[in-house]
Every structure is written in C-alpha cells, then in structure tokens.
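S.K.: For reference, this is start-v9.cif, and it has mmCIF, C-alpha atoms.
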data_work
#
loop_
_atom_site.group_PDB
_atom_site.id
_atom_site.type_symbol
_atom_site.label_atom_id
_atom_site.label_comp_id
_atom_site.auth_asym_id
_atom_site.auth_seq_id
_atom_site.Cartn_x
_atom_site.Cartn_y
_atom_site.Cartn_z
ATOM 1 C CA MET L 1 -4.836 -11.737 -4.279
ATOM 2 C CA ALA L 2 -4.061 -15.183 -5.646
ATOM 3 C CA LEU L 3 -2.552 -16.398 -8.903
ATOM 4 C CA LYS L 4 -3.992 -18.821 -11.437
ATOM 5 C CA THR L 5 -1.942 -21.474 -13.201
ATOM 6 C CA PHE L 6 -3.153 -23.466 -16.192
ATOM 7 C CA ARG L 7 -2.839 -27.004 -17.468
ATOM 8 C CA PRO L 8 -0.081 -27.093 -20.138
ATOM 9 C CA LEU L 9 -2.374 -28.009 -23.032
ATOM 10 C CA THR L 10 -0.765 -25.386 -25.272
ATOM 11 C CA PRO L 11 2.655 -23.688 -25.324
ATOM 12 C CA THR L 12 0.957 -20.536 -24.040
ATOM 13 C CA SER L 13 -0.728 -22.113 -21.032
ATOM 14 C CA ARG L 14 2.453 -23.963 -19.991
ATOM 15 C CA PHE L 15 4.082 -20.813 -18.612
ATOM 16 C CA LYS L 16 1.025 -18.602 -18.114
ATOM 17 C CA ILE L 17 0.469 -17.303 -14.561
ATOM 18 C CA LEU L 18 -2.261 -14.705 -14.189
ATOM 19 C CA PRO L 19 -4.036 -12.963 -11.294
ATOM 20 C CA ASP L 20 -7.433 -14.376 -10.387
ATOM 21 C CA PHE L 21 -8.948 -10.872 -9.893
ATOM 22 C CA ALA L 22 -10.906 -12.178 -6.889
ATOM 23 C CA GLU L 23 -10.593 -8.797 -5.172
ATOM 24 C CA ILE L 24 -12.241 -6.923 -8.079
ATOM 25 C CA THR L 25 -15.853 -5.986 -7.288
ATOM 26 C CA LYS L 26 -16.676 -3.513 -10.119
ATOM 27 C CA ASP L 27 -16.477 -4.274 -13.835
ATOM 28 C CA ALA L 28 -16.696 -0.757 -15.298
ATOM 29 C CA PRO L 29 -15.022 2.464 -14.136
ATOM 30 C CA GLU L 30 -16.834 5.557 -12.868
ATOM 31 C CA LYS L 31 -17.152 7.470 -16.143
ATOM 32 C CA LYS L 32 -16.948 10.941 -14.579
ATOM 33 C CA LEU L 33 -13.602 10.013 -13.035
ATOM 34 C CA THR L 34 -11.976 9.027 -16.340
ATOM 35 C CA GLU L 35 -10.480 10.880 -19.280
ATOM 36 C CA THR L 36 -9.006 9.977 -22.646
ATOM 37 C CA ILE L 37 -5.332 9.151 -23.195
ATOM 38 C CA LYS L 38 -3.495 10.254 -26.308
ATOM 39 C CA ARG L 39 -1.519 7.291 -27.601
ATOM 40 C CA THR L 40 1.928 8.329 -28.792
ATOM 41 C CA GLY L 41 3.517 5.023 -29.819
ATOM 42 C CA GLY L 42 6.689 6.229 -28.106
ATOM 43 C CA ARG L 43 6.975 9.309 -30.359
ATOM 44 C CA ASN L 44 7.449 12.928 -29.295
ATOM 45 C CA ASN L 45 5.795 15.998 -30.850
ATOM 46 C CA GLN L 46 8.257 15.819 -33.763
ATOM 47 C CA GLY L 47 7.304 12.245 -34.598
ATOM 48 C CA ARG L 48 10.634 10.839 -33.453
ATOM 49 C CA ILE L 49 10.884 7.731 -31.285
ATOM 50 C CA THR L 50 11.973 8.731 -27.793
ATOM 51 C CA MET L 51 10.809 5.526 -26.044
ATOM 52 C CA ARG L 52 11.571 2.320 -27.906
ATOM 53 C CA HIS L 53 9.386 -0.797 -28.017
ATOM 54 C CA ARG L 54 6.071 1.034 -27.546
ATOM 55 C CA GLY L 55 2.990 0.839 -29.751
ATOM 56 C CA GLY L 56 -0.329 -0.902 -30.325
ATOM 57 C CA GLY L 57 -2.149 -2.296 -27.331
ATOM 58 C CA HIS L 58 -5.724 -2.144 -26.157
ATOM 59 C CA LYS L 59 -7.523 1.189 -25.799
ATOM 60 C CA ARG L 60 -7.510 2.634 -22.284
ATOM 61 C CA ARG L 61 -9.108 5.460 -20.356
ATOM 62 C CA TYR L 62 -7.147 7.200 -17.628
ATOM 63 C CA ARG L 63 -8.594 6.984 -14.108
ATOM 64 C CA ILE L 64 -8.286 10.289 -12.211
ATOM 65 C CA ILE L 65 -6.818 9.386 -8.808
ATOM 66 C CA ASP L 66 -6.846 11.577 -5.720
ATOM 67 C CA PHE L 67 -3.173 11.295 -4.759
ATOM 68 C CA LYS L 68 -3.547 14.405 -2.552
ATOM 69 C CA ARG L 69 -6.452 13.017 -0.475
ATOM 70 C CA SER L 70 -7.839 16.525 -0.784
ATOM 71 C CA LYS L 71 -11.047 16.062 1.242
ATOM 72 C CA ARG L 72 -9.866 16.315 4.847
ATOM 73 C CA GLY L 73 -12.004 15.422 7.840
ATOM 74 C CA VAL L 74 -14.784 13.890 5.720
ATOM 75 C CA VAL L 75 -15.620 10.193 6.072
ATOM 76 C CA ALA L 76 -15.826 8.145 2.879
ATOM 77 C CA GLU L 77 -17.283 4.714 2.189
ATOM 78 C CA VAL L 78 -15.557 2.215 -0.094
ATOM 79 C CA LEU L 79 -17.981 1.410 -2.929
ATOM 80 C CA GLY L 80 -15.777 -1.037 -4.817
ATOM 81 C CA ILE L 81 -12.328 -2.271 -5.826
ATOM 82 C CA GLU L 82 -11.475 -1.841 -9.508
ATOM 83 C CA TYR L 83 -8.846 -2.860 -12.039
ATOM 84 C CA ASP L 84 -6.736 -0.067 -13.514
ATOM 85 C CA PRO L 85 -5.108 -0.760 -16.912
ATOM 86 C CA ASN L 86 -2.661 2.117 -16.411
ATOM 87 C CA ARG L 87 -0.892 0.835 -13.276
ATOM 88 C CA SER L 88 -0.057 -2.342 -11.388
ATOM 89 C CA ALA L 89 -2.066 -1.407 -8.276
ATOM 90 C CA ARG L 90 -5.831 -1.750 -7.833
ATOM 91 C CA LEU L 91 -8.127 1.214 -7.225
ATOM 92 C CA ALA L 92 -10.732 1.791 -4.532
ATOM 93 C CA LEU L 93 -13.783 3.892 -5.418
ATOM 94 C CA LEU L 94 -14.824 6.138 -2.525
ATOM 95 C CA GLN L 95 -18.029 8.021 -1.892
ATOM 96 C CA TYR L 96 -17.921 10.825 0.678
ATOM 97 C CA THR L 97 -20.833 11.772 2.908
ATOM 98 C CA ASP L 98 -21.532 14.804 0.680
ATOM 99 C CA GLY L 99 -21.959 12.502 -2.346
ATOM 100 C CA GLU L 100 -18.637 13.231 -4.076
ATOM 101 C CA LYS L 101 -16.741 10.236 -5.465
ATOM 102 C CA ALA L 102 -12.989 9.712 -5.857
ATOM 103 C CA TYR L 103 -10.416 7.034 -6.648
ATOM 104 C CA ILE L 104 -7.513 6.111 -4.377
ATOM 105 C CA LEU L 105 -4.913 3.342 -4.531
ATOM 106 C CA ALA L 106 -6.326 0.248 -2.815
ATOM 107 C CA PRO L 107 -4.184 -1.034 0.090
ATOM 108 C CA VAL L 108 -4.150 -4.583 1.445
ATOM 109 C CA GLY L 109 -7.097 -5.207 3.760
ATOM 110 C CA LEU L 110 -9.389 -2.444 2.492
ATOM 111 C CA GLN L 111 -12.862 -3.959 2.029
ATOM 112 C CA VAL L 112 -16.040 -2.804 0.307
ATOM 113 C CA GLY L 113 -18.206 -0.979 2.831
ATOM 114 C CA GLY L 114 -15.233 0.163 4.908
ATOM 115 C CA LYS L 115 -15.000 3.724 6.213
ATOM 116 C CA ILE L 116 -11.847 5.799 5.698
ATOM 117 C CA SER L 117 -10.856 9.445 6.036
ATOM 118 C CA ALA L 118 -7.934 11.845 5.737
ATOM 119 C CA GLY L 119 -6.626 14.533 8.063
ATOM 120 C CA GLU L 120 -4.508 15.129 11.157
ATOM 121 C CA SER L 121 -7.209 13.755 13.452
ATOM 122 C CA ALA L 122 -7.846 10.546 11.444
ATOM 123 C CA ASP L 123 -7.138 7.192 13.062
ATOM 124 C CA PRO L 124 -3.906 5.483 11.891
ATOM 125 C CA SER L 125 -5.807 2.592 10.291
ATOM 126 C CA VAL L 126 -5.532 1.048 6.825
ATOM 127 C CA GLY L 127 -6.553 3.443 4.054
ATOM 128 C CA ASN L 128 -6.507 6.604 6.165
ATOM 129 C CA ALA L 129 -4.183 9.454 5.146
ATOM 130 C CA LEU L 130 -2.327 11.462 7.780
ATOM 131 C CA PRO L 131 0.701 13.769 7.941
ATOM 132 C CA LEU L 132 3.873 11.919 8.854
ATOM 133 C CA LYS L 133 4.033 13.743 12.200
ATOM 134 C CA SER L 134 0.735 12.108 13.227
ATOM 135 C CA ILE L 135 1.549 8.532 12.184
ATOM 136 C CA PRO L 136 2.883 6.126 14.869
ATOM 137 C CA LEU L 137 6.516 5.062 14.416
ATOM 138 C CA GLY L 138 6.948 1.646 12.815
ATOM 139 C CA SER L 139 3.795 1.981 10.706
ATOM 140 C CA SER L 140 3.606 0.705 7.126
ATOM 141 C CA ILE L 141 2.831 3.531 4.700
ATOM 142 C CA HIS L 142 2.422 4.196 0.977
ATOM 143 C CA ASN L 143 1.540 7.050 -1.424
ATOM 144 C CA VAL L 144 3.990 9.366 0.350
ATOM 145 C CA GLU L 145 4.361 13.056 -0.517
ATOM 146 C CA LEU L 146 7.822 14.551 -1.014
ATOM 147 C CA THR L 147 6.577 18.155 -0.891
ATOM 148 C CA PRO L 148 3.644 19.143 1.359
ATOM 149 C CA GLY L 149 0.472 19.555 -0.694
ATOM 150 C CA ARG L 150 1.860 18.152 -3.945
ATOM 151 C CA GLY L 151 0.273 14.710 -3.562
ATOM 152 C CA GLY L 152 1.784 11.253 -3.198
ATOM 153 C CA GLN L 153 4.772 10.658 -5.462
ATOM 154 C CA ILE L 154 6.490 7.522 -4.149
ATOM 155 C CA ILE L 155 5.395 4.040 -2.962
ATOM 156 C CA ARG L 156 2.563 3.754 -5.497
ATOM 157 C CA SER L 157 3.120 0.467 -7.371
ATOM 158 C CA ALA L 158 1.658 -2.945 -6.523
ATOM 159 C CA GLY L 159 2.886 -4.572 -3.310
ATOM 160 C CA THR L 160 5.192 -1.725 -2.289
ATOM 161 C CA VAL L 161 5.445 -0.416 1.264
ATOM 162 C CA ALA L 162 7.667 1.877 3.324
ATOM 163 C CA ILE L 163 8.258 2.030 7.077
ATOM 164 C CA LEU L 164 8.142 5.186 9.177
ATOM 165 C CA ALA L 165 11.330 4.662 11.180
ATOM 166 C CA ASN L 166 11.866 7.870 13.177
ATOM 167 C CA ARG L 167 11.277 11.624 13.443
ATOM 168 C CA GLU L 168 13.807 14.353 14.175
ATOM 169 C CA GLY L 169 14.183 18.076 13.535
ATOM 170 C CA GLY L 170 10.942 18.514 11.609
ATOM 171 C CA PHE L 171 11.640 15.544 9.333
ATOM 172 C CA ALA L 172 10.432 11.953 9.274
ATOM 173 C CA LEU L 173 12.904 9.167 8.467
ATOM 174 C CA VAL L 174 11.238 6.779 6.037
ATOM 175 C CA LYS L 175 12.789 3.431 5.096
ATOM 176 C CA LEU L 176 11.947 2.600 1.480
ATOM 177 C CA ALA L 177 11.593 -0.874 -0.021
ATOM 178 C CA SER L 178 15.052 -0.530 -1.616
ATOM 179 C CA GLY L 179 16.656 -0.138 1.817
ATOM 180 C CA GLU L 180 17.238 3.583 1.385
ATOM 181 C CA ILE L 181 16.422 5.757 4.399
ATOM 182 C CA ARG L 182 15.203 9.205 3.420
ATOM 183 C CA LYS L 183 14.263 12.378 5.286
ATOM 184 C CA ILE L 184 10.825 13.741 4.370
ATOM 185 C CA ASN L 185 9.090 16.822 5.748
ATOM 186 C CA GLU L 186 6.861 15.693 8.618
ATOM 187 C CA ASN L 187 3.953 17.760 7.211
ATOM 188 C CA CYS L 188 3.838 15.550 4.100
ATOM 189 C CA TYR L 189 0.878 13.192 3.929
ATOM 190 C CA ALA L 190 1.081 9.412 3.629
ATOM 191 C CA THR L 191 -1.508 6.640 3.589
ATOM 192 C CA ILE L 192 -1.486 3.790 6.099
ATOM 193 C CA GLY L 193 -0.940 0.230 4.828
ATOM 194 C CA GLN L 194 0.685 -1.663 1.977
ATOM 195 C CA ILE L 195 -0.399 -1.328 -1.649
ATOM 196 C CA GLY L 196 -2.527 -4.267 -2.784
ATOM 197 C CA ASN L 197 -2.010 -6.748 -5.633
ATOM 198 C CA THR L 198 1.080 -8.062 -3.851
ATOM 199 C CA ASP L 199 1.578 -11.014 -6.239
ATOM 200 C CA HIS L 200 1.922 -8.803 -9.303
ATOM 201 C CA MET L 201 5.667 -9.513 -9.478
ATOM 202 C CA ASN L 202 4.945 -13.238 -10.022
ATOM 203 C CA VAL L 203 2.645 -12.796 -13.041
ATOM 204 C CA SER L 204 3.892 -14.427 -16.274
ATOM 205 C CA ALA L 205 2.351 -13.380 -19.593
ATOM 206 C CA GLY L 206 2.905 -16.800 -21.175
ATOM 207 C CA LYS L 207 2.995 -15.499 -24.742
ATOM 208 C CA ALA L 208 4.171 -12.554 -26.806
ATOM 209 C CA GLY L 209 0.612 -11.602 -27.719
ATOM 210 C CA ARG L 210 -0.272 -10.678 -24.160
ATOM 211 C CA SER L 211 2.631 -8.198 -24.120
ATOM 212 C CA ARG L 212 1.330 -6.717 -27.390
ATOM 213 C CA TRP L 213 -2.088 -6.189 -25.758
ATOM 214 C CA LEU L 214 -0.281 -4.081 -23.153
ATOM 215 C CA GLY L 215 1.361 -1.964 -25.861
ATOM 216 C CA ARG L 216 4.809 -3.554 -25.591
ATOM 217 C CA ARG L 217 6.539 -4.234 -28.898
ATOM 218 C CA PRO L 218 9.402 -6.730 -29.344
ATOM 219 C CA HIS L 219 12.643 -5.887 -27.545
ATOM 220 C CA VAL L 220 15.624 -6.526 -29.830
ATOM 221 C CA ARG L 221 19.051 -7.360 -28.366
ATOM 222 C CA GLY L 222 21.933 -5.085 -29.279
ATOM 223 C CA MET L 223 24.222 -8.004 -30.121
ATOM 224 C CA VAL L 224 22.044 -9.079 -33.062
ATOM 225 C CA MET L 225 22.022 -5.582 -34.595
ATOM 226 C CA ASN L 226 24.450 -4.121 -37.107
ATOM 227 C CA PRO L 227 27.367 -1.951 -35.941
ATOM 228 C CA VAL L 228 25.619 1.146 -37.293
ATOM 229 C CA ASP L 229 22.627 0.513 -35.002
ATOM 230 C CA HIS L 230 24.261 -0.472 -31.715
ATOM 231 C CA PRO L 231 27.736 -0.439 -30.106
ATOM 232 C CA MET L 232 27.468 -4.175 -29.454
ATOM 233 C CA GLY L 233 26.356 -5.036 -33.007
ATOM 234 C CA GLY L 234 28.362 -6.728 -35.720
ATOM 235 C CA GLY L 235 30.182 -10.015 -36.196
ATOM 236 C CA GLN L 236 29.074 -13.176 -37.963
ATOM 237 C CA GLY L 237 26.382 -15.043 -36.084
ATOM 238 C CA LYS L 238 26.519 -15.061 -32.293
ATOM 239 C CA SER L 239 29.889 -13.362 -32.251
ATOM 240 C CA LYS L 240 32.227 -13.174 -29.288
ATOM 241 C CA GLY L 241 34.559 -10.788 -31.060
ATOM 242 C CA GLY L 242 32.642 -8.477 -33.365
ATOM 243 C CA GLY L 243 29.857 -7.677 -30.946
ATOM 244 C CA GLY L 244 29.836 -10.018 -28.004
ATOM 245 C CA ARG L 245 32.744 -9.061 -25.761
ATOM 246 C CA HIS L 246 31.737 -5.428 -25.426
ATOM 247 C CA HIS L 247 30.351 -4.456 -22.052
ATOM 248 C CA PRO L 248 26.523 -4.254 -22.075
ATOM 249 C CA MET L 249 25.472 -0.736 -23.011
ATOM 250 C CA SER L 250 22.670 1.325 -24.455
ATOM 251 C CA PRO L 251 22.360 2.119 -28.191
ATOM 252 C CA TRP L 252 23.976 5.471 -27.375
ATOM 253 C CA GLY L 253 27.021 3.956 -25.721
ATOM 254 C CA GLN L 254 26.185 4.360 -22.024
ATOM 255 C CA LEU L 255 27.289 1.417 -19.905
ATOM 256 C CA ALA L 256 24.407 -0.617 -18.509
ATOM 257 C CA LYS L 257 26.032 -2.424 -15.576
ATOM 258 C CA GLY L 258 27.846 -0.721 -12.709
ATOM 259 C CA PHE L 259 27.979 2.744 -14.255
ATOM 260 C CA LYS L 260 26.492 5.348 -11.897
ATOM 261 C CA THR L 261 24.002 7.584 -13.684
ATOM 262 C CA ARG L 262 22.912 9.700 -10.708
ATOM 263 C CA ARG L 263 24.331 13.240 -10.665
ATOM 264 C CA LYS L 264 27.157 13.701 -8.154
ATOM 265 C CA HIS L 265 25.699 16.865 -6.637
ATOM 266 C CA LYS L 266 21.949 16.372 -6.793
ATOM 267 C CA PRO L 267 19.979 18.732 -4.495
ATOM 268 C CA SER L 268 18.030 15.864 -2.906
ATOM 269 C CA ASP L 269 21.263 14.200 -1.685
ATOM 270 C CA THR L 270 20.886 16.106 1.589
ATOM 271 C CA PHE L 271 17.671 14.170 2.322
ATOM 272 C CA ILE L 272 19.204 10.707 1.893
ATOM 273 C CA VAL L 273 20.342 9.390 5.274
ATOM 274 C CA GLN L 274 21.368 5.928 4.050
ATOM 275 C CA ARG L 275 21.865 4.789 0.465
ATOM 276 C CA ARG L 276 20.027 1.772 -0.873
ATOM 277 C CA LYS L 277 23.385 0.096 -1.576
ATOM 278 C CA ALA L 278 25.145 0.930 1.661
ATOM 279 C CA LYS L 279 28.592 -0.646 2.011
ATOM 280 C CA ALA L 280 28.705 -3.551 4.454
ATOM 281 C CA LYS L 281 30.570 -2.792 7.672
ATOM 282 C CA ASN L 282 33.339 -5.212 8.627
#
Write the structure described by the file as structure tokens, please.
M.R.:
Amino acid sequence: MALKTFRPLTPTSRFKILPDFAEITKDAPEKKLTETIKRTGGRNNQGRITMRHRGGGHKRRYRIIDFKRSKRGVVAEVLGIEYDPNRSARLALLQYTDGEKAYILAPVGLQVGGKISAGESADPSVGNALPLKSIPLGSSIHNVELTPGRGGQIIRSAGTVAILANREGGFALVKLASGEIRKINENCYATIGQIGNTDHMNVSAGKAGRSRWLGRRPHVRGMVMNPVDHPMGGGQGKSKGGGGRHHPMSPWGQLAKGFKTRRKHKPSDTFIVQRRKAKAKN
C-alpha cells in the first residue's frame, strides 16, 4: 500500500494524505456475505448517549468475516482484495474447492489467485491458519484466538502483527505489538503473516467533512465547557485557574493520564508473562 499526497491548491488538499487503494481488486462486496447495520448514533436502547461524538456518516453494510477459519483442510483460492468500511484492514474474498465463499482479513503479500488453507497440516505460509502448536517459533502471526474455537479476537487491525516467541507447558508465548508477552493455549488458531494496509496510521483526513463521512462528530474539549458539563470547565476565556489547571480527566471525573483503570485482580493476569510497560532494569 502507498499513500497519495495532493498539491496544496485548497486548505483541504494541503494536509490531505489518503491511501491509493492500489491493492483493491473488487469494487463491490459479495452480497451474500453482507448484512445490514443498525445505526445507533451512539445511543443505547433507552435513547441515551453512551458513546459521545457519534452520528451521521455514510451508509454501510457489514461484511461477515470468517474469524474462525472454520473450513479445515480445504484449499481456497483468493478471488479478490476488497475495502471494508467497518475496519482499517482490507478483506480477501476466498472461494473453496466446494464453491463456498468467505471473507478473511487480508495479510501483507496475499495476492489474487493465491491458494491458502487452514488446519494442523497446513503449511506455515502467509494467509494459512494453524494452531499455535504447529506454527514455527519466530513466525509473524495475526487474528489470534484467546479461547480455542472462539475465533480470532486480537491482532486484527491494519498493520498489526505479533510474534510467536516460545512454547511451554501447553501454552504459547506470544509477543504483542505493545511489547506485552502473553500465554495463549497452544490449541488456539492464528493466521500467518502481518495484517495489510500498513500505512493506515499515516492517513490524514485533511478536513472535518471527511471525519463526518465516517460518522465522527466534533470532539469538544472539556476546558471550553461550563462547570456543570465537565470537571475542567469554567473560567473566563482560556482560563488557567477556573478550568485549566485541573488534571486532564473525563466528564465523569476519572483521571485521563497515569491513572490505572485495569482491575487489580483480573482473571487474565495469570496469562500475562511481561507487561507492556515493563520497568527498565538498572
């Protein structure tokens, strides 16, 4: 994937950096593999806003993705690479030898016409899904299960990758992109390779309107609100007393910087071998 920049003929094009979509080979999704999405505008079933700054945006259809790689031992051909409006990664449309079609997350290097499969006996090549016990150590993996049979839950966004570092006592030690090393049951499946669309992090919308197309409404700073609306609100103008010197926090008073929000005794703590913010050794 490459990025496009534009001549600064307008304020929008001055800062606009967009993907060139050169890897996309299909314009329309496979209709049988899509379903409608109910748009909530950030409201719950009582009509109350539970997720701020959501609303509007272009209509979308959800693409049904096979995170479980449920067809084992059957070879599939890659028919095309598609854009997915619901996620940062690209999708690969597969067709199995029995005629069934499915979507998977498209890794780097997967080409149209390529052959991939899933199962314990599959080769450890890009796009193939295997249990962690069958993957060579040091391999790059994505779409990793946390519970056998549940389907991939982590390493699913654009450009992300994890490394299979070791195996011991029925568990695989997986190093995540954050630096955290985590124990995962060696019977859990993972897909070989790195998720595609690696330059997604460098995309710049260039204008507010493009964010509105994505369903993102304006994000208002707490400091410019009134005291009744935010702990950091109040004061005259850009105040350093009435609303500026407070530590950054949420509208409900929870500190935003340095305050640990993870539960002290979370059940999954036993599976974390090394924290993502491990203290440096002197």
S.K.: May I have the residues at most 7 Å from (-3.7, -17.8, -9.7) in the file's coordinates, counting all atoms listed in the file, as number ranges by chain?
M.R.: L: 2-5, 17-20
S.K.: When distances are computed from all atoms listed in the file, which of L:Val273, L:Val161, L:Val75, L:Ile184 shows the smallest separation from Pro107 (chain L)?
M.R.: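 Between L:Val273, L:Val161, L:Val75, L:Ile184, the residue approaching Pro107 (chain L) most closely is L:Val161.
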S.K.: I'd like the interatomic distance between CA of Val112 (chain L) and CA of Asp84 (chain L), to a tenth of an Å.
M.R.: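 Between CA of Val112 (chain L) and CA of Asp84 (chain L) the gap is 16.9 Å.
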S.K.: Please expand the PyMOL selection byres ((chain L and resi 32) around 10) into the concrete residues it hits in this file, giving the result as number ranges by chain.
M.R.: L: 29-31, 33-35, 63-64, 101-102
S.K.: Provide the CA of Lys277 (chain L) to CA of Lys264 (chain L) distance in Å, to one decimal place.
M.R.: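 If I compute the distance from CA of Lys277 (chain L) to CA of Lys264 (chain L), I get 15.6 Å.
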S.K.: Tell me which of L:Phe171, L:Phe6, L:Phe67, L:Phe21 sits closest to Thr191 (chain L), counting only C-alpha atoms.
M.R.: L:Phe67
S.K.: Can you work out which one of L:Gly73, L:Pro267, L:Gly127, L:Gly209 has the shortest atom-to-atom distance to Gly193 (chain L), counting only C-alpha atoms?
M.R.: L:Gly127
